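Trainee: Dropping in data-v2.txt, which is compact mmCIF, C-alpha atoms:
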```
# COMPACT_ATOMS: atom_id res chain seq x y z
CA MET H 2 -72.95 97.60 86.85
CA SER H 3 -69.17 97.30 86.53
CA ASP H 4 -66.84 96.82 89.49
CA PRO H 5 -65.80 100.05 91.25
CA SER H 6 -62.31 101.26 90.37
CA VAL H 7 -59.63 102.61 92.67
CA LEU H 8 -56.38 104.37 91.82
CA VAL H 9 -53.73 103.56 94.44
CA VAL H 10 -51.00 106.22 94.53
CA ASP H 11 -48.05 105.08 96.64
CA ASP H 12 -44.30 104.87 96.06
CA GLU H 13 -43.96 101.79 98.27
CA PRO H 14 -44.18 98.63 96.12
CA ALA H 15 -45.23 96.57 99.18
CA ILE H 16 -48.24 98.81 99.89
CA ARG H 17 -49.31 98.75 96.22
CA ARG H 18 -48.96 94.96 96.16
CA LEU H 19 -51.03 94.66 99.35
CA LEU H 20 -53.84 96.93 98.12
CA ARG H 21 -53.83 95.27 94.69
CA THR H 22 -54.25 91.85 96.30
CA ALA H 23 -56.67 92.71 99.10
CA LEU H 24 -58.91 95.16 97.24
CA GLY H 25 -58.68 93.13 94.05
CA SER H 26 -60.17 90.19 95.94
CA GLN H 27 -63.13 92.41 96.96
CA THR H 28 -64.37 93.31 93.48
CA TRP H 29 -62.33 96.50 93.17
CA ARG H 30 -60.55 97.17 89.90
CA VAL H 31 -57.17 98.38 91.13
CA MET H 32 -54.96 100.76 89.15
CA GLU H 33 -51.58 101.85 90.45
CA ALA H 34 -49.34 104.91 90.28
CA ARG H 35 -46.03 105.29 92.08
CA THR H 36 -45.57 109.04 91.57
CA GLY H 37 -47.77 112.12 91.69
CA GLU H 38 -47.16 112.91 88.01
CA MET H 39 -48.16 109.39 87.02
CA ALA H 40 -51.34 109.66 89.12
CA LEU H 41 -52.35 112.96 87.50
CA ARG H 42 -51.75 111.52 84.03
CA MET H 43 -53.79 108.40 84.83
CA VAL H 44 -56.72 110.41 86.19
CA ALA H 45 -56.62 112.59 83.07
CA ASP H 46 -56.96 109.42 80.96
CA ALA H 47 -59.64 107.65 83.02
CA VAL H 48 -61.31 108.93 86.18
CA PRO H 49 -61.47 106.22 88.88
CA ASP H 50 -64.32 105.90 91.40
CA VAL H 51 -61.95 106.66 94.27
CA VAL H 52 -58.28 107.58 94.78
CA VAL H 53 -56.20 106.25 97.69
CA LEU H 54 -53.36 108.75 97.98
CA ASP H 55 -50.09 108.60 99.92
CA LEU H 56 -48.62 111.95 100.95
CA GLY H 57 -44.87 111.20 100.89
CA LEU H 58 -44.44 110.80 97.14
CA PRO H 59 -41.01 111.08 95.51
CA ASP H 60 -41.84 113.80 92.98
CA ILE H 61 -44.76 115.96 94.18
CA ASP H 62 -46.09 116.08 97.72
CA GLY H 63 -49.44 114.30 98.05
CA VAL H 64 -51.21 117.46 99.27
CA GLU H 65 -50.14 119.24 96.07
CA VAL H 66 -51.33 116.26 93.97
CA LEU H 67 -54.67 116.56 95.77
CA ARG H 68 -54.90 120.31 95.06
CA ARG H 69 -54.23 119.71 91.36
CA LEU H 70 -56.79 116.88 91.26
CA ARG H 71 -59.37 119.11 92.92
CA GLN H 72 -58.93 121.85 90.30
CA VAL H 73 -60.15 119.47 87.60
CA HIS H 74 -62.27 116.99 89.58
CA PRO H 75 -63.89 118.77 92.56
CA THR H 76 -66.00 115.74 93.56
CA LEU H 77 -63.61 112.85 92.90
CA PRO H 78 -63.47 110.88 96.21
CA VAL H 79 -59.95 110.88 97.69
CA VAL H 80 -58.85 108.97 100.78
CA ILE H 81 -55.40 109.82 102.13
CA LEU H 82 -53.35 106.84 103.33
CA SER H 83 -50.20 108.09 105.02
CA VAL H 84 -47.73 107.50 107.87
CA ARG H 85 -48.08 111.19 108.76
CA ASP H 86 -50.20 111.24 111.87
CA ASP H 87 -49.71 114.79 113.15
CA GLU H 88 -52.72 117.04 113.42
CA ARG H 89 -51.24 119.74 111.16
CA GLY H 90 -50.65 117.26 108.33
CA LYS H 91 -54.17 115.87 108.59
CA VAL H 92 -55.74 119.32 108.66
CA ALA H 93 -53.67 120.41 105.63
CA ALA H 94 -54.82 117.36 103.64
CA LEU H 95 -58.46 117.75 104.63
CA GLU H 96 -58.36 121.47 103.84
CA ALA H 97 -56.87 120.66 100.44
CA GLY H 98 -60.00 118.61 99.78
CA ALA H 99 -59.38 115.06 101.07
CA ASP H 100 -62.63 113.23 101.82
CA ASP H 101 -61.07 111.04 104.49
CA TYR H 102 -57.74 110.32 106.14
CA VAL H 103 -56.38 106.93 107.24
CA THR H 104 -52.99 106.61 108.94
CA LYS H 105 -50.55 103.76 108.34
CA PRO H 106 -50.47 101.13 109.84
CA PHE H 107 -54.12 100.55 108.98
CA SER H 108 -56.83 97.93 109.02
CA MET H 109 -57.80 96.84 105.52
CA ALA H 110 -61.50 96.47 106.44
CA GLU H 111 -61.53 100.02 107.81
CA LEU H 112 -59.80 101.45 104.75
CA GLU H 113 -62.22 99.69 102.44
CA ALA H 114 -65.21 100.81 104.51
CA ARG H 115 -64.01 104.41 104.27
CA MET H 116 -63.44 104.06 100.52
CA ARG H 117 -66.99 102.75 100.09
CA SER H 118 -68.36 105.47 102.33
CA VAL H 119 -66.80 108.37 100.39
CA THR H 120 -67.71 106.76 97.07
CA THR H 121 -71.33 106.30 98.13
CA CYS H 122 -71.59 109.88 99.41
CA VAL H 123 -70.43 111.28 96.08
CA THR H 124 -72.60 108.91 94.05
CA ALA H 125 -75.62 109.79 96.21
CA GLY H 126 -74.83 113.48 95.68
CA ARG H 127 -74.58 112.97 91.94
CA ASP H 128 -77.86 111.04 91.79
CA ARG H 129 -79.83 113.48 93.92
CA PRO H 130 -82.33 115.38 91.72
CA ALA H 131 -81.31 118.99 91.34
CA VAL H 132 -83.62 121.70 92.69
CA ARG H 133 -83.98 124.52 90.20
CA ILE H 134 -85.35 127.94 91.03
CA GLY H 135 -85.07 130.22 88.05
CA ARG H 136 -81.48 130.02 86.92
CA PHE H 137 -80.27 128.87 90.32
CA GLU H 138 -79.64 125.21 90.95
CA HIS H 139 -78.94 123.43 94.22
CA MET A 6 -1.65 159.50 134.87
CA GLU A 7 -1.17 159.10 131.15
CA GLN A 8 0.13 155.59 131.70
CA GLN A 9 -2.93 154.75 133.82
CA GLY A 10 -5.22 155.86 130.97
CA LEU A 11 -3.29 153.76 128.50
CA LEU A 12 -3.51 150.76 130.79
CA ASP A 13 -7.28 151.25 131.23
CA ALA A 14 -7.78 151.46 127.46
CA LEU A 15 -5.71 148.33 126.96
CA GLY A 16 -7.74 146.58 129.66
CA ASP A 17 -11.01 147.60 128.00
CA GLN A 18 -9.83 146.37 124.63
CA THR A 19 -8.68 143.06 126.08
CA ALA A 20 -12.01 142.61 127.87
CA SER A 21 -13.86 143.42 124.66
CA ALA A 22 -11.73 140.92 122.69
CA ILE A 23 -12.36 138.18 125.28
CA GLU A 24 -16.08 138.93 125.20
CA SER A 25 -16.09 138.68 121.38
CA VAL A 26 -14.31 135.32 121.51
CA LEU A 27 -16.75 134.02 124.13
CA LEU A 28 -19.72 135.24 122.10
CA ALA A 29 -18.37 133.61 118.94
CA LYS A 30 -17.93 130.36 120.90
CA GLU A 31 -21.49 130.56 122.20
CA LEU A 32 -22.72 131.23 118.69
CA ASP A 33 -20.79 128.22 117.34
CA GLN A 34 -22.23 126.03 120.11
CA ALA A 35 -25.76 127.31 119.38
CA ARG A 36 -25.27 126.53 115.67
CA LEU A 37 -23.94 123.06 116.52
CA ASP A 38 -26.88 122.42 118.87
CA ALA A 39 -29.33 123.53 116.19
CA GLU A 40 -27.66 121.26 113.62
CA THR A 41 -27.66 118.33 116.05
CA ASP A 42 -31.36 118.92 116.76
CA LYS A 43 -32.07 119.09 113.05
CA LEU A 44 -30.12 115.87 112.42
CA ARG A 45 -31.84 114.14 115.33
CA GLY A 46 -35.21 115.21 113.98
CA ALA A 47 -34.32 113.95 110.49
CA LEU A 48 -33.08 110.67 111.95
CA LEU A 49 -36.27 110.17 113.97
CA THR A 50 -38.45 110.97 110.96
CA SER A 51 -36.45 108.54 108.83
CA ILE A 52 -36.56 105.77 111.42
CA SER A 53 -40.24 106.32 112.10
CA HIS A 54 -41.01 106.12 108.35
CA ASP A 55 -38.80 103.09 107.79
CA LEU A 56 -40.33 101.21 110.72
CA ARG A 57 -43.90 102.12 109.97
CA THR A 58 -43.85 101.35 106.26
CA PRO A 59 -43.15 97.60 106.55
CA LEU A 60 -45.37 97.47 109.64
CA ALA A 61 -48.21 99.00 107.61
CA SER A 62 -47.87 96.27 105.00
CA ILE A 63 -47.70 93.50 107.60
CA LEU A 64 -50.71 94.75 109.59
CA GLY A 65 -52.63 95.53 106.39
CA ALA A 66 -52.02 91.99 105.12
CA THR A 67 -52.90 90.29 108.42
CA SER A 68 -56.05 92.38 108.77
CA SER A 69 -57.02 91.43 105.20
CA LEU A 70 -56.60 87.74 106.05
CA GLU A 71 -58.71 88.22 109.19
CA SER A 72 -61.46 90.31 107.63
CA TYR A 73 -61.81 88.69 104.22
CA GLY A 74 -61.00 85.13 105.30
CA ASP A 75 -62.96 82.74 103.08
CA LYS A 76 -63.58 85.35 100.41
CA LEU A 77 -59.90 85.20 99.44
CA ASP A 78 -58.83 82.71 96.82
CA ASN A 79 -55.64 80.73 97.26
CA THR A 80 -53.52 83.05 95.09
CA ALA A 81 -54.57 86.13 97.08
CA ARG A 82 -53.93 84.32 100.36
CA GLN A 83 -50.42 83.28 99.22
CA GLU A 84 -49.72 86.79 98.00
CA LEU A 85 -50.71 88.30 101.37
CA LEU A 86 -48.57 85.76 103.23
CA ALA A 87 -45.63 86.59 100.95
CA THR A 88 -46.13 90.30 101.73
CA ILE A 89 -46.01 89.55 105.45
CA HIS A 90 -42.87 87.43 105.02
CA ASP A 91 -41.02 89.94 102.82
CA GLU A 92 -41.88 92.94 104.96
CA ALA A 93 -40.97 91.15 108.21
CA GLU A 94 -37.58 90.36 106.63
CA ARG A 95 -37.24 94.00 105.66
CA LEU A 96 -37.92 95.06 109.26
CA ASN A 97 -35.36 92.53 110.44
CA ARG A 98 -32.75 93.97 108.05
CA PHE A 99 -33.59 97.46 109.25
CA VAL A 100 -33.10 96.55 112.91
CA ALA A 101 -29.87 94.65 112.06
CA ASN A 102 -28.57 97.70 110.18
CA LEU A 103 -29.30 99.98 113.13
CA LEU A 104 -27.49 97.59 115.49
CA ASP A 105 -24.52 97.27 113.12
CA MET A 106 -24.27 101.04 112.82
CA THR A 107 -24.41 101.43 116.60
CA ARG A 108 -21.64 98.83 117.01
CA LEU A 109 -19.50 100.57 114.40
CA GLU A 110 -19.97 104.02 115.91
CA ALA A 111 -19.23 102.76 119.41
CA GLY A 112 -16.02 101.16 118.11
CA ALA A 113 -17.29 97.86 119.50
CA LEU A 114 -16.76 95.91 116.30
CA GLN A 115 -14.01 93.30 116.61
CA PRO A 116 -13.54 91.38 113.34
CA ARG A 117 -12.76 87.68 113.82
CA LYS A 118 -10.21 87.15 111.10
CA GLU A 119 -9.47 83.75 109.65
CA ARG A 120 -8.61 82.32 106.23
CA VAL A 121 -11.66 82.90 104.06
CA ASP A 122 -12.75 81.21 100.85
CA VAL A 123 -13.93 84.37 99.10
CA GLY A 124 -15.78 82.41 96.39
CA GLU A 125 -17.88 80.67 99.04
CA VAL A 126 -18.70 83.94 100.79
CA ILE A 127 -19.77 85.54 97.50
CA ALA A 128 -21.96 82.52 96.66
CA SER A 129 -23.52 82.70 100.12
CA ALA A 130 -24.24 86.45 99.83
CA LEU A 131 -25.78 85.94 96.38
CA SER A 132 -27.92 83.13 97.75
CA ARG A 133 -29.12 85.28 100.67
CA ALA A 134 -29.95 88.12 98.29
CA ALA A 135 -31.67 85.81 95.76
CA ARG A 136 -35.18 86.77 96.90
CA LEU A 137 -34.40 90.48 96.64
CA LEU A 138 -32.77 90.02 93.22
CA CYS A 139 -35.31 87.60 91.76
CA GLY A 140 -36.00 90.00 88.87
CA HIS A 141 -32.30 90.57 88.16
CA GLU A 142 -29.70 88.48 86.41
CA THR A 143 -26.75 87.66 88.67
CA ALA A 144 -23.37 86.10 87.99
CA MET A 145 -20.09 85.50 89.82
CA ILE A 146 -16.62 85.24 88.33
CA ILE A 147 -13.93 83.90 90.65
CA GLU A 148 -10.31 83.82 89.57
CA PRO A 149 -8.90 80.27 89.75
CA ASP A 150 -6.56 79.65 92.69
CA LEU A 151 -7.67 82.83 94.43
CA PRO A 152 -5.68 83.36 97.66
CA MET A 153 -7.56 82.91 100.94
CA PRO A 154 -7.10 86.23 102.75
CA LEU A 155 -7.46 86.81 106.50
CA LEU A 156 -10.93 88.29 106.80
CA ASP A 157 -14.09 88.00 108.89
CA ASP A 158 -16.43 85.94 106.71
CA VAL A 159 -19.58 87.14 108.53
CA LEU A 160 -18.71 90.82 108.03
CA LEU A 161 -17.63 90.24 104.43
CA GLU A 162 -20.87 88.44 103.61
CA GLN A 163 -22.96 91.23 105.20
CA ALA A 164 -20.96 93.88 103.33
CA LEU A 165 -21.56 92.06 100.04
CA PHE A 166 -25.23 91.51 100.86
CA ASN A 167 -25.71 95.24 101.50
CA ILE A 168 -24.09 96.08 98.15
CA LEU A 169 -26.25 93.51 96.32
CA ASP A 170 -29.38 94.76 98.11
CA ASN A 171 -28.49 98.28 97.02
CA ALA A 172 -27.81 97.24 93.41
CA GLY A 173 -31.20 95.50 93.35
CA LYS A 174 -32.99 98.61 94.62
CA TYR A 175 -31.32 101.09 92.31
CA THR A 176 -31.41 99.16 89.04
CA PRO A 177 -34.48 98.11 87.06
CA PRO A 178 -35.54 94.44 86.93
CA GLY A 179 -33.62 92.47 84.32
CA THR A 180 -30.36 94.35 85.00
CA LYS A 181 -27.26 92.20 85.23
CA ILE A 182 -25.30 92.27 88.49
CA VAL A 183 -21.86 90.64 88.46
CA VAL A 184 -19.56 89.89 91.39
CA THR A 185 -15.93 89.34 90.44
CA ALA A 186 -13.05 88.31 92.70
CA SER A 187 -9.43 88.57 91.56
CA SER A 188 -6.01 89.18 93.04
CA GLY A 189 -3.32 91.69 92.19
CA ALA A 190 0.33 91.81 93.23
CA ASP A 191 -0.44 92.38 96.90
CA THR A 192 -4.18 92.93 97.01
CA LEU A 193 -7.41 91.03 96.66
CA LEU A 194 -10.21 92.75 94.77
CA ILE A 195 -13.92 92.06 94.97
CA ARG A 196 -15.88 94.03 92.42
CA VAL A 197 -19.68 94.35 92.18
CA THR A 198 -20.83 95.87 88.90
CA ASP A 199 -24.30 96.49 87.58
CA GLY A 200 -25.70 97.55 84.23
CA GLY A 201 -28.04 100.20 85.63
CA GLU A 202 -27.85 103.96 85.18
CA GLY A 203 -24.94 104.37 87.59
CA PHE A 204 -24.61 106.98 90.32
CA SER A 205 -26.54 110.11 89.44
CA VAL A 206 -24.65 112.27 91.91
CA ARG A 207 -21.45 114.00 90.88
CA ASP A 208 -19.58 112.36 93.72
CA PRO A 209 -20.36 108.62 93.94
CA GLU A 210 -18.53 108.57 97.28
CA ALA A 211 -21.59 110.33 98.73
CA ALA A 212 -23.35 106.96 98.47
CA PHE A 213 -21.45 105.94 101.62
CA SER A 214 -22.94 108.77 103.69
CA LYS A 215 -25.36 107.76 106.40
CA PHE A 216 -29.02 108.34 105.58
CA LYS A 217 -27.97 109.43 102.08
CA ARG A 218 -31.30 108.25 100.73
CA PHE A 219 -33.12 110.32 103.31
CA LYS A 220 -31.08 113.46 102.65
CA SER A 221 -31.81 113.33 98.95
CA ALA A 222 -35.53 113.02 99.76
CA ASP A 223 -35.60 109.88 97.67
CA ARG A 224 -38.62 108.04 98.99
CA SER A 225 -38.98 105.76 96.01
CA ARG A 226 -36.44 103.20 97.22
CA PRO A 227 -37.18 101.14 100.28
CA GLY A 228 -34.32 100.99 102.78
CA THR A 229 -32.60 102.64 105.67
CA GLY A 230 -29.95 104.66 103.87
CA LEU A 231 -27.44 102.91 106.13
CA GLY A 232 -26.44 99.88 104.04
CA LEU A 233 -23.40 101.30 102.25
CA ALA A 234 -22.21 103.27 105.28
CA ILE A 235 -22.19 99.99 107.22
CA THR A 236 -20.46 98.22 104.35
CA ARG A 237 -17.64 100.74 104.37
CA GLY A 238 -17.40 100.43 108.18
CA PHE A 239 -17.12 96.63 107.94
CA ILE A 240 -14.56 96.70 105.11
CA GLU A 241 -12.39 99.23 106.91
CA ALA A 242 -12.65 97.28 110.19
CA MET A 243 -11.12 94.33 108.29
CA GLY A 244 -8.27 96.52 107.00
CA GLY A 245 -9.69 97.01 103.52
CA THR A 246 -10.98 99.94 101.50
CA ILE A 247 -14.00 100.39 99.26
CA VAL A 248 -14.54 102.76 96.37
CA ALA A 249 -17.64 103.59 94.39
CA ARG A 250 -17.63 104.88 90.84
CA ASN A 251 -19.50 104.77 87.58
CA ARG A 252 -18.32 102.18 85.08
CA GLN A 253 -16.13 103.45 82.30
CA GLY A 254 -17.16 102.83 78.72
CA CYS A 255 -20.66 101.63 79.61
CA SER A 256 -23.47 102.60 81.96
CA GLY A 257 -23.69 101.23 85.47
CA ALA A 258 -22.21 101.46 88.93
CA GLU A 259 -19.16 99.70 90.27
CA LEU A 260 -18.15 99.09 93.88
CA ILE A 261 -14.66 97.78 94.45
CA MET A 262 -13.43 96.28 97.71
CA ILE A 263 -9.68 96.11 98.09
CA PHE A 264 -8.00 94.00 100.78
CA PRO A 265 -4.26 93.76 101.41
CA LEU A 266 -2.87 90.23 101.06
CA ALA A 267 -0.59 88.73 103.69
CA GLU A 268 3.10 88.35 102.73
CA LYS A 269 2.91 84.68 101.76
CA HIS A 270 -0.03 85.25 99.40
CA LYS A 271 1.62 88.04 97.47
CA LYS A 272 2.30 87.20 93.85
```
Produce structure tokens that represent the structure in this file.
Mentor:
Amino acid sequence: MSDPSVLVVDDEPAIRRLLRTALGSQTWRVMEARTGEMALRMVADAVPDVVVLDLGLPDIDGVEVLRRLRQVHPTLPVVILSVRDDERGKVAALEAGADDYVTKPFSMAELEARMRSVTTCVTAGRDRPAVRIGRFEH
Amino acid sequence: MEQQGLLDALGDQTASAIESVLLAKELDQARLDAETDKLRGALLTSISHDLRTPLASILGATSSLESYGDKLDNTARQELLATIHDEAERLNRFVANLLDMTRLEAGALQPRKERVDVGEVIASALSRAARLLCGHETAMIIEPDLPMPLLDDVLLEQALFNILDNAGKYTPPGTKIVVTASSGADTLLIRVTDGGEGFSVRDPEAAFSKFKRFKSADRSRPGTGLGLAITRGFIEAMGGTIVARNRQGCSGAELIMIFPLAEKHKK
């Protein structure tokens, strides 16, 4: 089985460098995007196992990026990584479909654990045998 | 009786006019308060973001070193340490900028003027900025026998550093940044030019506004949005002026510092 892949979407070069180094050392294949547009294009080309998404992007707000991602990929795991720590911001991101929310500053071990957790949940969901009753499926 | 009525009407009109003036004043004050609140809010958001971003990288890198320890190879370890170092320096610059701005606004800045070897100051600023400009090509051109003007070398170096830092942030790697020093009939000119895209705004002077970066919602460039405002403050405190413009005939930005020369240095 190949290494899990993560798309890091953040306009801060230092954060991208940190995640590339730290996650790269833990068997993650790290891809990077510094704008929302770039992230959407990259996901259209190759869907990663998980997206780590900043909210304060220079072109499109992260919540809007998330909404657009959700329209095409309803189950793609997305963890928000943002300095926004107010309740309203968190609720907006979770309502837009974020699987988890980590505020900056953050612990790398915690971020990675959350990434693994949301990835596992989705994979488990995908692998679960479907129950079919007539034309209904659950 | 008729006169009394006239007087009453005049009194009413005067009272009404005074009331209108007072109301307008109150309205102006309310508008000013709202604007101040808005500006304070923007400032706090900006400061909070600019403090937290380098802190996030530092804490993220230290927690990686703690959690992953032996699993990290030497390259990864060095890279994380470099992140901590660079981001701590960025925090330090941010705090220094805030202090400089406070000193400037309080009028507490007293330049210590003495004869300055401008070439040495430029070399020193370029050396300090070397880490930030490692992907850029830099050069300095100093006119032979350049006069030694009366300036504060610490303030001049910081002003130059801020300009270089800015040029590094707003131009792609590989761009050439040149610092030139020359003298005119009664002025000394220090020019910093880059081969980037130049100022995108119609008025390059806007680059000197405080928190310009924040106002334009440009979150793609790290920094406080104070650097050039401080630079102008420092230059003016030393009796000089600074102008920003786009280069003519080729792409790129140009910042020109102009200092008056003392009588005996005039050509």
Trainee: Which is closest to Leu70 in chain H among H:Glu88, H:Glu13, H:Glu113, H:Glu38, if we use only C-alpha atoms?
Mentor: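 When distances to Leu70 in chain H are compared using only C-alpha atoms, the smallest one comes from H:Glu38.
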Trainee: Sort by chain and increasing residue number a table of all residues of chain A within 9 Å of chain H, each with its closest pair of atoms and their distance in Å to one decimal, counting only C-alpha atoms, and write it as a Markdown table.
Mentor:
```
| residue | atom | partner | partner_atom | distance |
| --- | --- | --- | --- | --- |
| A:Ser53 | CA | H:Val84 | CA | 8.7 |
| A:His54 | CA | H:Val84 | CA | 6.9 |
| A:Arg57 | CA | H:Pro106 | CA | 6.6 |
| A:Thr58 | CA | H:Lys105 | CA | 7.4 |
| A:Pro59 | CA | H:Ala15 | CA | 7.7 |
| A:Leu60 | CA | H:Pro106 | CA | 6.3 |
| A:Ala61 | CA | H:Pro106 | CA | 3.8 |
| A:Ser62 | CA | H:Ile16 | CA | 5.7 |
| A:Ile63 | CA | H:Pro106 | CA | 8.4 |
| A:Leu64 | CA | H:Pro106 | CA | 6.4 |
| A:Gly65 | CA | H:Met109 | CA | 5.4 |
| A:Ala66 | CA | H:Leu19 | CA | 6.4 |
| A:Thr67 | CA | H:Ser108 | CA | 8.6 |
| A:Ser68 | CA | H:Ser108 | CA | 5.6 |
| A:Ser69 | CA | H:Met109 | CA | 5.5 |
| A:Leu70 | CA | H:Ala23 | CA | 8.5 |
| A:Ser72 | CA | H:Ala110 | CA | 6.3 |
| A:Tyr73 | CA | H:Ala110 | CA | 8.1 |
| A:Lys76 | CA | H:Ser26 | CA | 7.4 |
| A:Leu77 | CA | H:Ser26 | CA | 6.1 |
| A:Asp78 | CA | H:Ser26 | CA | 7.6 |
| A:Thr80 | CA | H:Thr22 | CA | 8.9 |
| A:Ala81 | CA | H:Thr22 | CA | 5.8 |
| A:Arg82 | CA | H:Thr22 | CA | 8.6 |
| A:Glu84 | CA | H:Thr22 | CA | 7.0 |
| A:Leu85 | CA | H:Leu19 | CA | 6.7 |
| A:Thr88 | CA | H:Ala15 | CA | 6.8 |
| A:Asp91 | CA | H:Ala15 | CA | 8.7 |
| A:Glu92 | CA | H:Ala15 | CA | 7.6 |
| A:Ala222 | CA | H:Pro59 | CA | 7.2 |
| A:Asp223 | CA | H:Pro59 | CA | 5.9 |
| A:Arg224 | CA | H:Pro59 | CA | 5.2 |
| A:Ser225 | CA | H:Asp12 | CA | 5.4 |
| A:Arg226 | CA | H:Glu13 | CA | 7.7 |
| A:Pro227 | CA | H:Glu13 | CA | 7.1 |
```
Trainee: From the options H:Ala45, H:Gln72, H:Leu56, H:Ser6, which residue's atoms come nearest to Asp86 in chain H, counting only C-alpha atoms?
Mentor: H:Leu56
Trainee: Interatomic distance between CA of Ser129 in chain A and CA of Ala212 in chain A?
Mentor: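 So the two atoms, CA of Ser129 in chain A and CA of Ala212 in chain A, lie 24.3 Å apart.
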Trainee: Let me make sure I understand: among A:Met243, A:Ala267, A:Ala258, A:Ala111, which one has the smallest atom-to-atom distance to Thr176 in chain A if we use all atoms listed in the file?
Mentor: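 Looking only at the distances to Thr176 in chain A, the closest residue turns out to be A:Ala258.
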Trainee: Using all atoms listed in the file, which protein or nucleic acid residues come within 12 Å of Phe264 in chain A? Drop anything in the same chain fewer than 6 positions from it, and give the result as an MDAnalysis selection string.
Mentor: chainID A and resid 123 152:157 161 186:196 239:248 270:271
Trainee: Can you measure CA of Leu41 in chain H to CA of Lys174 in chain A for me? One decimal in Å is fine.
Mentor: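 Pair CA of Leu41 in chain H / CA of Lys174 in chain A returns 25.1 Å.
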Trainee: So what do you get for CA of Leu77 in chain H versus CA of Val51 in chain H, distance-wise?
Mentor: 6.6 Å
Trainee: Within 12 Å of Ala113 in chain A, counting all atoms listed in the file, which residues show up once you throw out same-chain ones fewer than 6 positions away? Write them as number ranges by chain, please.
Mentor: A: 104-107, 238-239, 242
Trainee: Ranking A:Lys30, A:Lys181, A:Arg117, A:His141 by minimum distance to Ser256 in chain A and counting all atoms listed in the file, which one comes first?
Mentor: A:Lys181
Trainee: Rebuild N, CA and C atoms on range 39-51 of chain H, as a tab-separated table (two decimals), in the frame of the given file?
Mentor:
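Output (out.tsv):
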```tsv
chain	number	residue	atom	x	y	z
H	39	MET	N	-47.52	110.55	87.64
H	39	MET	CA	-48.16	109.39	87.02
H	39	MET	C	-49.64	109.36	87.39
H	40	ALA	N	-49.95	109.67	88.65
H	40	ALA	CA	-51.34	109.66	89.12
H	40	ALA	C	-52.17	110.69	88.35
H	41	LEU	N	-51.61	111.90	88.19
H	41	LEU	CA	-52.35	112.96	87.50
H	41	LEU	C	-52.61	112.58	86.05
H	42	ARG	N	-51.60	111.95	85.43
H	42	ARG	CA	-51.75	111.52	84.03
H	42	ARG	C	-52.85	110.45	83.93
H	43	MET	N	-52.82	109.50	84.89
H	43	MET	CA	-53.79	108.40	84.83
H	43	MET	C	-55.21	108.90	85.03
H	44	VAL	N	-55.37	109.86	85.95
H	44	VAL	CA	-56.72	110.41	86.19
H	44	VAL	C	-57.20	111.19	84.96
H	45	ALA	N	-56.24	111.85	84.28
H	45	ALA	CA	-56.62	112.59	83.07
H	45	ALA	C	-57.12	111.63	81.99
H	46	ASP	N	-56.56	110.42	81.97
H	46	ASP	CA	-56.96	109.42	80.96
H	46	ASP	C	-58.28	108.75	81.32
H	47	ALA	N	-58.42	108.35	82.58
H	47	ALA	CA	-59.64	107.65	83.02
H	47	ALA	C	-59.87	107.96	84.49
H	48	VAL	N	-61.03	108.53	84.80
H	48	VAL	CA	-61.31	108.93	86.18
H	48	VAL	C	-61.77	107.71	86.99
H	49	PRO	N	-61.05	107.38	88.08
H	49	PRO	CA	-61.47	106.22	88.88
H	49	PRO	C	-62.64	106.59	89.80
H	50	ASP	N	-63.23	105.60	90.46
H	50	ASP	CA	-64.32	105.90	91.40
H	50	ASP	C	-63.78	106.49	92.70
H	51	VAL	N	-62.55	106.11	93.05
H	51	VAL	CA	-61.95	106.66	94.27
H	51	VAL	C	-60.42	106.61	94.13
```
